[in-house]
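Following: one structure in structure tokens, then a few remarks.
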Amino acid sequence: MEQFFKIRERGSTVSTEVLGGLTTFLAMAYIVAVNPAILSDAGVPFEAGLTATCVGAAVMTVAMGLIANRPVALASGMGINAIVAYGLCGSLGIDWRVAMAVVFLEGVVILGLVLGGLRKAVMDAIPVDLRHAIGIGIGLFIAFIGLKGAGLVIADDSTLVALGELSEPGCIVALVSLACAVIFQILGVRGGLLISIVVAVIVGIPLGVTAVPTSWSLGLDFSTFAAPFQTVDGQMAIVQVFLQPALLLFVFSLLMSDFFDTMGTVVAIGKQGDFADERGDVKDIQPILAVDSTAAIAGGFFGASSITCFVESASGVAEGARTGLANLVTAALFLVCAFLAPLFGMVSGPATCGALVVVGFLMMTDVGSIAWKEPELAFPAFLVIVGIPFTYSITNGIGLGFIAYVILMAVRGRVAEVKPLMWVAALAFLAMFIFV
């Protein structure tokens with residue numbers, strides 16, 4: 001195990017990897033309940049959606065751990081599942097199996113781009129300042145996800161967002177979680193983020209925030225598996241995609257989201273996990289991208305929506321995870337969760353708030369690395385930083401920054417410094433914003 005995962009070489013231990021894998025799972029365990037609920041609106045049976053979500057996450061997280069040996073966990077991506085449920089199935093009214101075929105085809109295309117070296121080439125073309133900005137923006141995004149999921153930040157008709165009612169039980173649990181996570185971080189307590197989650201779960205029981213299981217469902221439902229190749233109205237689902245050209249726009253939209261969400265996520269986690277340098281160049285990036293691209297195909301095949309790298313993996317990295325061994329722990333818990341979902345459902349949004357906010361704090365350290373005295377570099381970086389949390393989308397934030405970068409560099413007469421693939425990426429984002 002030591003030779004395979006290079007645990008000591010990366011300054012870690014088996015216990016640290018186990019702790020990191022457990023922390024990552026708890027930070028992203030919400031997907032077990034949320035993804036099937038969203039897909040059920042598209043017509044996917046809830047039990048089948050839960051099985052697909054857990055099995056898909058487990059299989060691809062193991063693949064990342066064994067092939068890339070990095071502590072980056074994968075599961076069905078938030079946002080993409082909403083496109084499937086409310087865009088493809090809701091607005092267009094297509095069958096959910098046809099929607100999964102769209103996801104499957106998007107994965108095939110993006111895997112082709114990875115194998116052709118284009119995805120890595122685009123990452124290499126991104127200037128250093130934008131790479132720093134992506135990590136910072138994702139840090140703010142993670143913190144915002146934690147605060148929003150806990151009810152500390154709520155929607156408001158007048159101001160869009162506002163401070164939640166702090167006397168509410170959920171907010172009380174979140175504040176306990178946040179206080180524990182920050183104090184443990186300052187004191188250097190090993191496993192502090194995980195402990196903060198456990199403490200918050202316990203505190204939430206008498207307050208009614210932690211859902212205590214009342215029933216158990218131990219059966220698995222594999223009816224969504226091979227969804228793109230199931231028959232819908234007398235035709236194979238994947239064939240129907242090619243018969244409806246409008247669906248190809250969704251293939252492009254999903255591709256853009258997967259392409260750049262993963263790029264930003266991996267760079268951010270890599271800097272936290274010591275496998276990305278000061279420039280944001282990720283070591284051995286190709287196998288990470290290959291697994292992620294294959295995961296999109298797997299997500300469509302399993303009927304779980306597109307499976308992608310989860311930014312919440314940064315919580316496990318913050319606990320010290322440095323190898324793929326942590327992924328095996330996370331994956332094992334996903335498999336267990338397929339049978340014991342009610343037990344892991346006890347981990348609420350308020351309980352994970354502290355861990356996510358602290359991770360966001362840790363990812364802010366690159367702010368001073370941006371060339372703020374060069375506006376043609378700093379302003380695009382600023383757009384990325386604010387665009388990711390304000391639009392609730394990593395892809396949108398990166399797109400705004402890319403477009404601003406090529407325009408401002410041209411205005412300043414520095415066109416020669418802009419790599420050709422940045423122009424291609426900026427134009428692709430422009431097309432996505434206008435047409436998709």
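Chain lettering (A, B, ...) mirrors the order of the structure tokens, residue numbering begins at 1 for each chain separately, and ligand numbering begins at 1 in order of display.
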task = Fewer than 5 positions away in the same chain doesn't count, so skip those; otherwise give me all residues within 8 Å of stretch 232-243 of chain A, counting only C-alpha atoms, as a list in words.
result =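 Answer for this query is Asp95, Arg97, Val98, Ala101, Val102, Ala227 and Leu248 of chain A.
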request  = Name the residues in contact with A:Val347 at a cut-off of 8 Å, using only C-alpha atoms, excluding same-chain residues fewer than 2 positions from it; report them as a ChimeraX atom specification.
outcome  = /A:26,29-30,197,201,210,344-345,349,351-352
message = Run DSSP on the backbone and tell me which residues of stretch 140-231 of chain A come out as helix (DSSP H, G or I); list them as a ChimeraX atom specification.
response = /A:140-150,169-187,192-207,227-229
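Note that DSSP on the backbone gives strand (DSSP E or B) to these residues of stretch 54-246 of chain A: Leu74, Ala75, Ser76, Val153, Ile154, Ala155, Asp156, Leu160, Val161, Ala162, Leu163, Thr231, Val232, Gln235 and Met236 of chain A.
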Those residues with N, CA and C atoms, as a PDB file, in the first residue's frame please?
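Now in part-v1.pdb:
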```pdb
ATOM      1  N   LEU A  74     -15.408  12.140  -6.509  1.00  0.00           N
ATOM      2  CA  LEU A  74     -16.347  12.489  -7.573  1.00  0.00           C
ATOM      3  C   LEU A  74     -17.754  12.043  -7.198  1.00  0.00           C
ATOM      4  N   ALA A  75     -18.733  12.772  -7.710  1.00  0.00           N
ATOM      5  CA  ALA A  75     -20.140  12.411  -7.541  1.00  0.00           C
ATOM      6  C   ALA A  75     -20.942  13.215  -8.558  1.00  0.00           C
ATOM      7  N   SER A  76     -22.223  12.972  -8.600  1.00  0.00           N
ATOM      8  CA  SER A  76     -23.097  13.688  -9.540  1.00  0.00           C
ATOM      9  C   SER A  76     -23.036  15.184  -9.283  1.00  0.00           C
ATOM     10  N   VAL A 153     -27.113  32.441   5.533  1.00  0.00           N
ATOM     11  CA  VAL A 153     -27.377  33.361   4.425  1.00  0.00           C
ATOM     12  C   VAL A 153     -28.654  32.894   3.744  1.00  0.00           C
ATOM     13  N   ILE A 154     -29.613  33.790   3.599  1.00  0.00           N
ATOM     14  CA  ILE A 154     -30.916  33.416   3.030  1.00  0.00           C
ATOM     15  C   ILE A 154     -31.283  34.346   1.880  1.00  0.00           C
ATOM     16  N   ALA A 155     -32.250  33.920   1.089  1.00  0.00           N
ATOM     17  CA  ALA A 155     -32.743  34.743  -0.015  1.00  0.00           C
ATOM     18  C   ALA A 155     -33.561  35.904   0.529  1.00  0.00           C
ATOM     19  N   ASP A 156     -33.510  37.028  -0.193  1.00  0.00           N
ATOM     20  CA  ASP A 156     -34.263  38.215   0.212  1.00  0.00           C
ATOM     21  C   ASP A 156     -34.776  38.915  -1.038  1.00  0.00           C
ATOM     22  N   LEU A 160     -31.584  40.371  -2.463  1.00  0.00           N
ATOM     23  CA  LEU A 160     -31.167  39.068  -2.991  1.00  0.00           C
ATOM     24  C   LEU A 160     -30.715  38.122  -1.888  1.00  0.00           C
ATOM     25  N   VAL A 161     -29.785  38.585  -1.042  1.00  0.00           N
ATOM     26  CA  VAL A 161     -29.356  37.756   0.085  1.00  0.00           C
ATOM     27  C   VAL A 161     -29.391  38.578   1.362  1.00  0.00           C
ATOM     28  N   ALA A 162     -29.512  37.876   2.489  1.00  0.00           N
ATOM     29  CA  ALA A 162     -29.549  38.559   3.786  1.00  0.00           C
ATOM     30  C   ALA A 162     -29.097  37.587   4.860  1.00  0.00           C
ATOM     31  N   LEU A 163     -28.859  38.111   6.052  1.00  0.00           N
ATOM     32  CA  LEU A 163     -28.474  37.273   7.178  1.00  0.00           C
ATOM     33  C   LEU A 163     -29.682  36.498   7.664  1.00  0.00           C
ATOM     34  N   THR A 231     -34.942   1.588 -24.294  1.00  0.00           N
ATOM     35  CA  THR A 231     -35.870   1.959 -25.357  1.00  0.00           C
ATOM     36  C   THR A 231     -36.928   2.932 -24.847  1.00  0.00           C
ATOM     37  N   VAL A 232     -37.110   4.010 -25.598  1.00  0.00           N
ATOM     38  CA  VAL A 232     -38.122   5.025 -25.275  1.00  0.00           C
ATOM     39  C   VAL A 232     -38.980   5.248 -26.520  1.00  0.00           C
ATOM     40  N   GLN A 235     -37.718   3.570 -29.677  1.00  0.00           N
ATOM     41  CA  GLN A 235     -36.374   3.872 -30.162  1.00  0.00           C
ATOM     42  C   GLN A 235     -35.397   3.936 -28.995  1.00  0.00           C
ATOM     43  N   MET A 236     -34.150   3.560 -29.270  1.00  0.00           N
ATOM     44  CA  MET A 236     -33.125   3.668 -28.246  1.00  0.00           C
ATOM     45  C   MET A 236     -32.928   5.141 -27.880  1.00  0.00           C
TER      46      MET A 236
END
```
task = State, in Å with one decimal place, the distance from atom CA of A:Met263 to atom CA of A:Val282.
result =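 These atoms are spaced 9.8 Å apart.
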Give me, as JSON lines, the closest atom pair and its distance (Å, one decimal) for every residue of stretch 379-436 of chain A within a cut-off of 10 Å of stretch 139-147 of chain A, counting only C-alpha atoms, rows sorted by chain and rising number.
```
{"residue": "A:Ile385", "atom": "CA", "partner": "A:Leu140", "partner_atom": "CA", "distance": 7.8}
{"residue": "A:Val386", "atom": "CA", "partner": "A:Leu140", "partner_atom": "CA", "distance": 8.3}
{"residue": "A:Gly387", "atom": "CA", "partner": "A:Phe141", "partner_atom": "CA", "distance": 9.5}
{"residue": "A:Ile388", "atom": "CA", "partner": "A:Phe141", "partner_atom": "CA", "distance": 6.4}
{"residue": "A:Pro389", "atom": "CA", "partner": "A:Phe141", "partner_atom": "CA", "distance": 4.6}
{"residue": "A:Phe390", "atom": "CA", "partner": "A:Phe141", "partner_atom": "CA", "distance": 8.3}
{"residue": "A:Thr391", "atom": "CA", "partner": "A:Phe141", "partner_atom": "CA", "distance": 9.6}
{"residue": "A:Tyr392", "atom": "CA", "partner": "A:Phe141", "partner_atom": "CA", "distance": 7.2}
{"residue": "A:Ser393", "atom": "CA", "partner": "A:Phe141", "partner_atom": "CA", "distance": 8.4}
{"residue": "A:Ile394", "atom": "CA", "partner": "A:Phe141", "partner_atom": "CA", "distance": 8.2}
```
Could you please take those selected residues and save all heavy atoms as a short mmCIF file (atom, residue, chain, number, x, y, z; two decimals), in the first residue's frame?
```cif
data_model
loop_
_atom_site.label_atom_id
_atom_site.label_comp_id
_atom_site.auth_asym_id
_atom_site.auth_seq_id
_atom_site.Cartn_x
_atom_site.Cartn_y
_atom_site.Cartn_z
N ILE A 385 -13.14 35.97 -9.47
CA ILE A 385 -13.32 35.84 -8.03
C ILE A 385 -14.76 36.13 -7.61
O ILE A 385 -15.36 35.39 -6.81
CB ILE A 385 -12.35 36.78 -7.28
CG1 ILE A 385 -10.91 36.30 -7.48
CG2 ILE A 385 -12.68 36.84 -5.79
CD1 ILE A 385 -9.86 37.28 -6.96
N VAL A 386 -15.33 37.22 -8.13
CA VAL A 386 -16.71 37.55 -7.74
C VAL A 386 -17.73 36.80 -8.58
O VAL A 386 -18.84 36.54 -8.13
CB VAL A 386 -16.96 39.08 -7.83
CG1 VAL A 386 -16.03 39.83 -6.90
CG2 VAL A 386 -16.80 39.59 -9.27
N GLY A 387 -17.36 36.47 -9.80
CA GLY A 387 -18.31 35.81 -10.70
C GLY A 387 -18.69 34.42 -10.26
O GLY A 387 -19.85 34.01 -10.41
N ILE A 388 -17.74 33.67 -9.71
CA ILE A 388 -18.04 32.29 -9.31
C ILE A 388 -19.09 32.25 -8.20
O ILE A 388 -20.12 31.58 -8.35
CB ILE A 388 -16.74 31.55 -8.90
CG1 ILE A 388 -15.87 31.31 -10.15
CG2 ILE A 388 -17.06 30.23 -8.21
CD1 ILE A 388 -14.52 30.69 -9.84
N PRO A 389 -18.90 32.94 -7.07
CA PRO A 389 -19.94 32.88 -6.03
C PRO A 389 -21.20 33.66 -6.38
O PRO A 389 -22.31 33.24 -6.05
CB PRO A 389 -19.25 33.47 -4.80
CG PRO A 389 -18.18 34.36 -5.33
CD PRO A 389 -17.72 33.71 -6.60
N PHE A 390 -21.06 34.80 -7.07
CA PHE A 390 -22.23 35.64 -7.34
C PHE A 390 -23.16 35.02 -8.38
O PHE A 390 -24.37 35.27 -8.35
CB PHE A 390 -21.79 37.03 -7.82
CG PHE A 390 -21.22 37.90 -6.72
CD1 PHE A 390 -20.74 39.16 -7.00
CD2 PHE A 390 -21.17 37.44 -5.41
CE1 PHE A 390 -20.21 39.97 -5.99
CE2 PHE A 390 -20.64 38.23 -4.40
CZ PHE A 390 -20.15 39.50 -4.69
N THR A 391 -22.62 34.24 -9.32
CA THR A 391 -23.48 33.56 -10.30
C THR A 391 -23.76 32.12 -9.90
O THR A 391 -24.46 31.41 -10.60
CB THR A 391 -22.85 33.57 -11.70
OG1 THR A 391 -21.66 32.77 -11.69
CG2 THR A 391 -22.51 34.98 -12.15
N TYR A 392 -23.18 31.71 -8.78
CA TYR A 392 -23.33 30.34 -8.27
C TYR A 392 -22.90 29.32 -9.31
O TYR A 392 -23.51 28.28 -9.49
CB TYR A 392 -24.78 30.07 -7.84
CG TYR A 392 -24.89 29.14 -6.65
CD1 TYR A 392 -24.63 29.60 -5.37
CD2 TYR A 392 -25.25 27.81 -6.82
CE1 TYR A 392 -24.72 28.76 -4.28
CE2 TYR A 392 -25.34 26.95 -5.73
CZ TYR A 392 -25.08 27.43 -4.46
OH TYR A 392 -25.17 26.59 -3.38
N SER A 393 -21.81 29.65 -10.01
CA SER A 393 -21.34 28.76 -11.07
C SER A 393 -19.85 28.99 -11.31
O SER A 393 -19.43 30.10 -11.61
CB SER A 393 -22.11 29.01 -12.37
OG SER A 393 -21.47 28.40 -13.47
N ILE A 394 -19.06 27.93 -11.19
CA ILE A 394 -17.64 28.03 -11.48
C ILE A 394 -17.44 28.36 -12.95
O ILE A 394 -16.61 29.20 -13.32
CB ILE A 394 -16.92 26.71 -11.13
CG1 ILE A 394 -17.02 26.43 -9.62
CG2 ILE A 394 -15.46 26.75 -11.56
CD1 ILE A 394 -16.49 25.07 -9.20
#
```
ask   = If we count only C-alpha atoms, what is near stretch 284-291 of chain A at a cut-off of 8 Å, once residues fewer than 6 positions away on the same chain are taken out, given as a list in words?
value =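 Listed by chain and then number, they are Met60, Ala63, Met64, Ile67, Ala68, Arg70, Leu111, Val114, Leu115, Arg119, Lys120 and Thr262 of chain A.
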Saved selection, atoms kept: N, CA, C and O atoms, as a short mmCIF file (atom, residue, chain, number, x, y, z; two decimals), in the first residue's frame:
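Generated output (selection.cif):
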```cif
data_model
loop_
_atom_site.label_atom_id
_atom_site.label_comp_id
_atom_site.auth_asym_id
_atom_site.auth_seq_id
_atom_site.Cartn_x
_atom_site.Cartn_y
_atom_site.Cartn_z
N MET A 60 -16.35 5.85 -9.54
CA MET A 60 -15.45 6.85 -10.13
C MET A 60 -14.48 7.43 -9.11
O MET A 60 -13.37 7.83 -9.46
N ALA A 63 -11.79 4.94 -9.02
CA ALA A 63 -10.98 5.07 -10.24
C ALA A 63 -9.99 6.22 -10.11
O ALA A 63 -8.81 6.09 -10.49
N MET A 64 -10.43 7.35 -9.56
CA MET A 64 -9.52 8.49 -9.37
C MET A 64 -8.41 8.13 -8.40
O MET A 64 -7.23 8.48 -8.60
N ILE A 67 -6.09 5.31 -10.28
CA ILE A 67 -5.44 5.72 -11.54
C ILE A 67 -4.62 6.99 -11.37
O ILE A 67 -3.48 7.07 -11.83
N ALA A 68 -5.20 8.00 -10.72
CA ALA A 68 -4.51 9.28 -10.57
C ALA A 68 -3.80 9.42 -9.23
O ALA A 68 -2.92 10.27 -9.07
N ARG A 70 -4.85 10.71 -6.44
CA ARG A 70 -5.06 12.03 -5.86
C ARG A 70 -6.34 12.02 -5.03
O ARG A 70 -7.31 11.33 -5.38
N LEU A 111 -14.07 13.33 -23.26
CA LEU A 111 -12.99 12.35 -23.16
C LEU A 111 -12.11 12.41 -24.40
O LEU A 111 -10.88 12.32 -24.31
N VAL A 114 -9.77 15.22 -24.02
CA VAL A 114 -8.68 14.91 -23.09
C VAL A 114 -7.63 14.04 -23.76
O VAL A 114 -6.43 14.31 -23.69
N LEU A 115 -8.08 12.99 -24.43
CA LEU A 115 -7.14 12.07 -25.09
C LEU A 115 -6.37 12.77 -26.20
O LEU A 115 -5.22 12.40 -26.49
N ARG A 119 -7.68 19.48 -23.58
CA ARG A 119 -8.09 19.97 -22.26
C ARG A 119 -6.88 20.42 -21.45
O ARG A 119 -6.91 21.46 -20.80
N LYS A 120 -5.81 19.66 -21.48
CA LYS A 120 -4.60 20.04 -20.77
C LYS A 120 -3.97 21.29 -21.40
O LYS A 120 -3.46 22.17 -20.70
N THR A 262 -14.33 21.34 -13.71
CA THR A 262 -13.28 20.42 -13.27
C THR A 262 -11.92 21.11 -13.24
O THR A 262 -11.14 20.93 -12.30
#
```
query = Excluding same-chain residues fewer than 5 positions from A:Gly264, what lies within 9 Å of it counting only C-alpha atoms, as a list in words?
reply = Arg131, Ile134, Gly135, Ile138, Ile269, Val311, Ile394, Thr395 and Ile398 of chain A
Would you write out those residues with all heavy atoms, as a PDB file, in the first residue's frame?
```pdb
ATOM      1  N   ARG A 131      -5.368  31.782 -12.805  1.00  0.00           N
ATOM      2  CA  ARG A 131      -5.334  30.521 -12.059  1.00  0.00           C
ATOM      3  C   ARG A 131      -5.480  30.788 -10.561  1.00  0.00           C
ATOM      4  O   ARG A 131      -6.211  30.075  -9.859  1.00  0.00           O
ATOM      5  CB  ARG A 131      -4.030  29.780 -12.330  1.00  0.00           C
ATOM      6  CG  ARG A 131      -3.860  29.336 -13.766  1.00  0.00           C
ATOM      7  CD  ARG A 131      -2.613  28.482 -13.918  1.00  0.00           C
ATOM      8  NE  ARG A 131      -2.256  28.315 -15.314  1.00  0.00           N
ATOM      9  CZ  ARG A 131      -1.299  27.506 -15.745  1.00  0.00           C
ATOM     10  NH1 ARG A 131      -0.597  26.810 -14.868  1.00  0.00           N
ATOM     11  NH2 ARG A 131      -1.023  27.407 -17.027  1.00  0.00           N
ATOM     12  N   ILE A 134      -9.112  31.688  -9.861  1.00  0.00           N
ATOM     13  CA  ILE A 134     -10.044  30.561  -9.866  1.00  0.00           C
ATOM     14  C   ILE A 134     -10.074  29.894  -8.501  1.00  0.00           C
ATOM     15  O   ILE A 134     -11.147  29.600  -7.957  1.00  0.00           O
ATOM     16  CB  ILE A 134      -9.642  29.549 -10.969  1.00  0.00           C
ATOM     17  CG1 ILE A 134      -9.922  30.151 -12.364  1.00  0.00           C
ATOM     18  CG2 ILE A 134     -10.411  28.242 -10.804  1.00  0.00           C
ATOM     19  CD1 ILE A 134      -9.343  29.336 -13.504  1.00  0.00           C
ATOM     20  N   GLY A 135      -8.905  29.676  -7.906  1.00  0.00           N
ATOM     21  CA  GLY A 135      -8.852  29.071  -6.579  1.00  0.00           C
ATOM     22  C   GLY A 135      -9.507  29.931  -5.522  1.00  0.00           C
ATOM     23  O   GLY A 135     -10.237  29.432  -4.659  1.00  0.00           O
ATOM     24  N   ILE A 138     -13.332  29.912  -6.031  1.00  0.00           N
ATOM     25  CA  ILE A 138     -13.920  28.656  -5.571  1.00  0.00           C
ATOM     26  C   ILE A 138     -13.933  28.612  -4.042  1.00  0.00           C
ATOM     27  O   ILE A 138     -14.869  28.078  -3.433  1.00  0.00           O
ATOM     28  CB  ILE A 138     -13.149  27.460  -6.159  1.00  0.00           C
ATOM     29  CG1 ILE A 138     -13.422  27.366  -7.667  1.00  0.00           C
ATOM     30  CG2 ILE A 138     -13.550  26.159  -5.475  1.00  0.00           C
ATOM     31  CD1 ILE A 138     -12.670  26.267  -8.370  1.00  0.00           C
ATOM     32  N   ILE A 269      -8.014  22.449  -5.529  1.00  0.00           N
ATOM     33  CA  ILE A 269      -7.672  21.355  -4.614  1.00  0.00           C
ATOM     34  C   ILE A 269      -6.184  21.059  -4.690  1.00  0.00           C
ATOM     35  O   ILE A 269      -5.535  20.773  -3.677  1.00  0.00           O
ATOM     36  CB  ILE A 269      -8.492  20.095  -4.961  1.00  0.00           C
ATOM     37  CG1 ILE A 269      -9.981  20.356  -4.744  1.00  0.00           C
ATOM     38  CG2 ILE A 269      -8.042  18.910  -4.103  1.00  0.00           C
ATOM     39  CD1 ILE A 269     -10.875  19.221  -5.204  1.00  0.00           C
ATOM     40  N   VAL A 311     -15.654  19.833  -5.415  1.00  0.00           N
ATOM     41  CA  VAL A 311     -14.795  20.813  -4.756  1.00  0.00           C
ATOM     42  C   VAL A 311     -14.756  20.598  -3.246  1.00  0.00           C
ATOM     43  O   VAL A 311     -13.817  21.012  -2.576  1.00  0.00           O
ATOM     44  CB  VAL A 311     -15.271  22.240  -5.110  1.00  0.00           C
ATOM     45  CG1 VAL A 311     -16.555  22.583  -4.386  1.00  0.00           C
ATOM     46  CG2 VAL A 311     -14.186  23.260  -4.821  1.00  0.00           C
ATOM     47  N   ILE A 394     -19.062  27.928 -11.188  1.00  0.00           N
ATOM     48  CA  ILE A 394     -17.640  28.026 -11.484  1.00  0.00           C
ATOM     49  C   ILE A 394     -17.442  28.361 -12.952  1.00  0.00           C
ATOM     50  O   ILE A 394     -16.613  29.201 -13.319  1.00  0.00           O
ATOM     51  CB  ILE A 394     -16.923  26.707 -11.126  1.00  0.00           C
ATOM     52  CG1 ILE A 394     -17.019  26.430  -9.618  1.00  0.00           C
ATOM     53  CG2 ILE A 394     -15.458  26.749 -11.561  1.00  0.00           C
ATOM     54  CD1 ILE A 394     -16.488  25.069  -9.199  1.00  0.00           C
ATOM     55  N   THR A 395     -18.217  27.719 -13.809  1.00  0.00           N
ATOM     56  CA  THR A 395     -18.089  27.930 -15.248  1.00  0.00           C
ATOM     57  C   THR A 395     -18.366  29.373 -15.639  1.00  0.00           C
ATOM     58  O   THR A 395     -17.613  29.983 -16.413  1.00  0.00           O
ATOM     59  CB  THR A 395     -19.043  26.991 -16.009  1.00  0.00           C
ATOM     60  OG1 THR A 395     -18.709  25.629 -15.692  1.00  0.00           O
ATOM     61  CG2 THR A 395     -18.922  27.193 -17.509  1.00  0.00           C
ATOM     62  N   ILE A 398     -15.485  31.732 -14.526  1.00  0.00           N
ATOM     63  CA  ILE A 398     -14.306  31.576 -15.379  1.00  0.00           C
ATOM     64  C   ILE A 398     -14.562  32.210 -16.741  1.00  0.00           C
ATOM     65  O   ILE A 398     -13.689  32.894 -17.304  1.00  0.00           O
ATOM     66  CB  ILE A 398     -13.950  30.084 -15.531  1.00  0.00           C
ATOM     67  CG1 ILE A 398     -13.466  29.522 -14.188  1.00  0.00           C
ATOM     68  CG2 ILE A 398     -12.876  29.882 -16.602  1.00  0.00           C
ATOM     69  CD1 ILE A 398     -13.200  28.026 -14.212  1.00  0.00           C
TER      70      ILE A 398
END
```
inquiry  = Which residue is closest to A:Glu9? Choose from A:Lys271, A:Arg322, A:Arg190, A:Arg412 and count only C-alpha atoms.
reply    =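 Going through A:Lys271, A:Arg322, A:Arg190, A:Arg412 one by one, the smallest distance to A:Glu9 is for A:Arg322.
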note = One residue among A:Gly316, A:Val424, A:Gly280, A:Asp258 is nearest to A:Val329 when using only C-alpha atoms, and that residue is A:Gly316
message = Give me the residues near stretch 364-375 of chain A as a PyMOL selection string, where near means some atom within 9 Å (using only C-alpha atoms) and where sequence neighbours in that chain fewer than 6 positions away do not count.
response = chain A and resi 128-130+132-133+135-137+139-140+381+408
With C-alpha atoms retained, export the selected residues as a PDB file, in the first residue's frame.
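out.pdb written:
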```
ATOM      1  CA  VAL A 128      -1.083  32.685 -13.685  1.00  0.00           C
ATOM      2  CA  ASP A 129      -3.251  35.494 -12.308  1.00  0.00           C
ATOM      3  CA  LEU A 130      -6.432  33.822 -13.545  1.00  0.00           C
ATOM      4  CA  HIS A 132      -4.925  32.176  -8.670  1.00  0.00           C
ATOM      5  CA  ALA A 133      -8.302  33.858  -9.111  1.00  0.00           C
ATOM      6  CA  GLY A 135      -8.852  29.071  -6.579  1.00  0.00           C
ATOM      7  CA  ILE A 136      -9.872  32.165  -4.626  1.00  0.00           C
ATOM      8  CA  GLY A 137     -13.289  32.311  -6.304  1.00  0.00           C
ATOM      9  CA  GLY A 139     -12.907  29.257  -1.955  1.00  0.00           C
ATOM     10  CA  LEU A 140     -15.566  31.968  -1.661  1.00  0.00           C
ATOM     11  CA  ALA A 381      -9.068  37.981 -12.099  1.00  0.00           C
ATOM     12  CA  LEU A 408      -8.326  44.032 -22.045  1.00  0.00           C
TER      13      LEU A 408
END
```
key: Å distance separating atom CA of A:Asp124 from atom CA of A:Lys419, one decimal place   =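 Spanning atom CA of A:Asp124 to atom CA of A:Lys419 is a straight-line distance of 9.4 Å.
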message = Quick one: residues within 9 Å of stretch 299-309 of chain A, only C-alpha atoms, excluding same-chain residues fewer than 2 positions away - as a PyMOL selection string?
response = chain A and resi 35-36+39+44+48-57+60-61+72-77+80-81+84+96-97+99-107+222-229+254+258+261-262+265-266+292-297+311-313
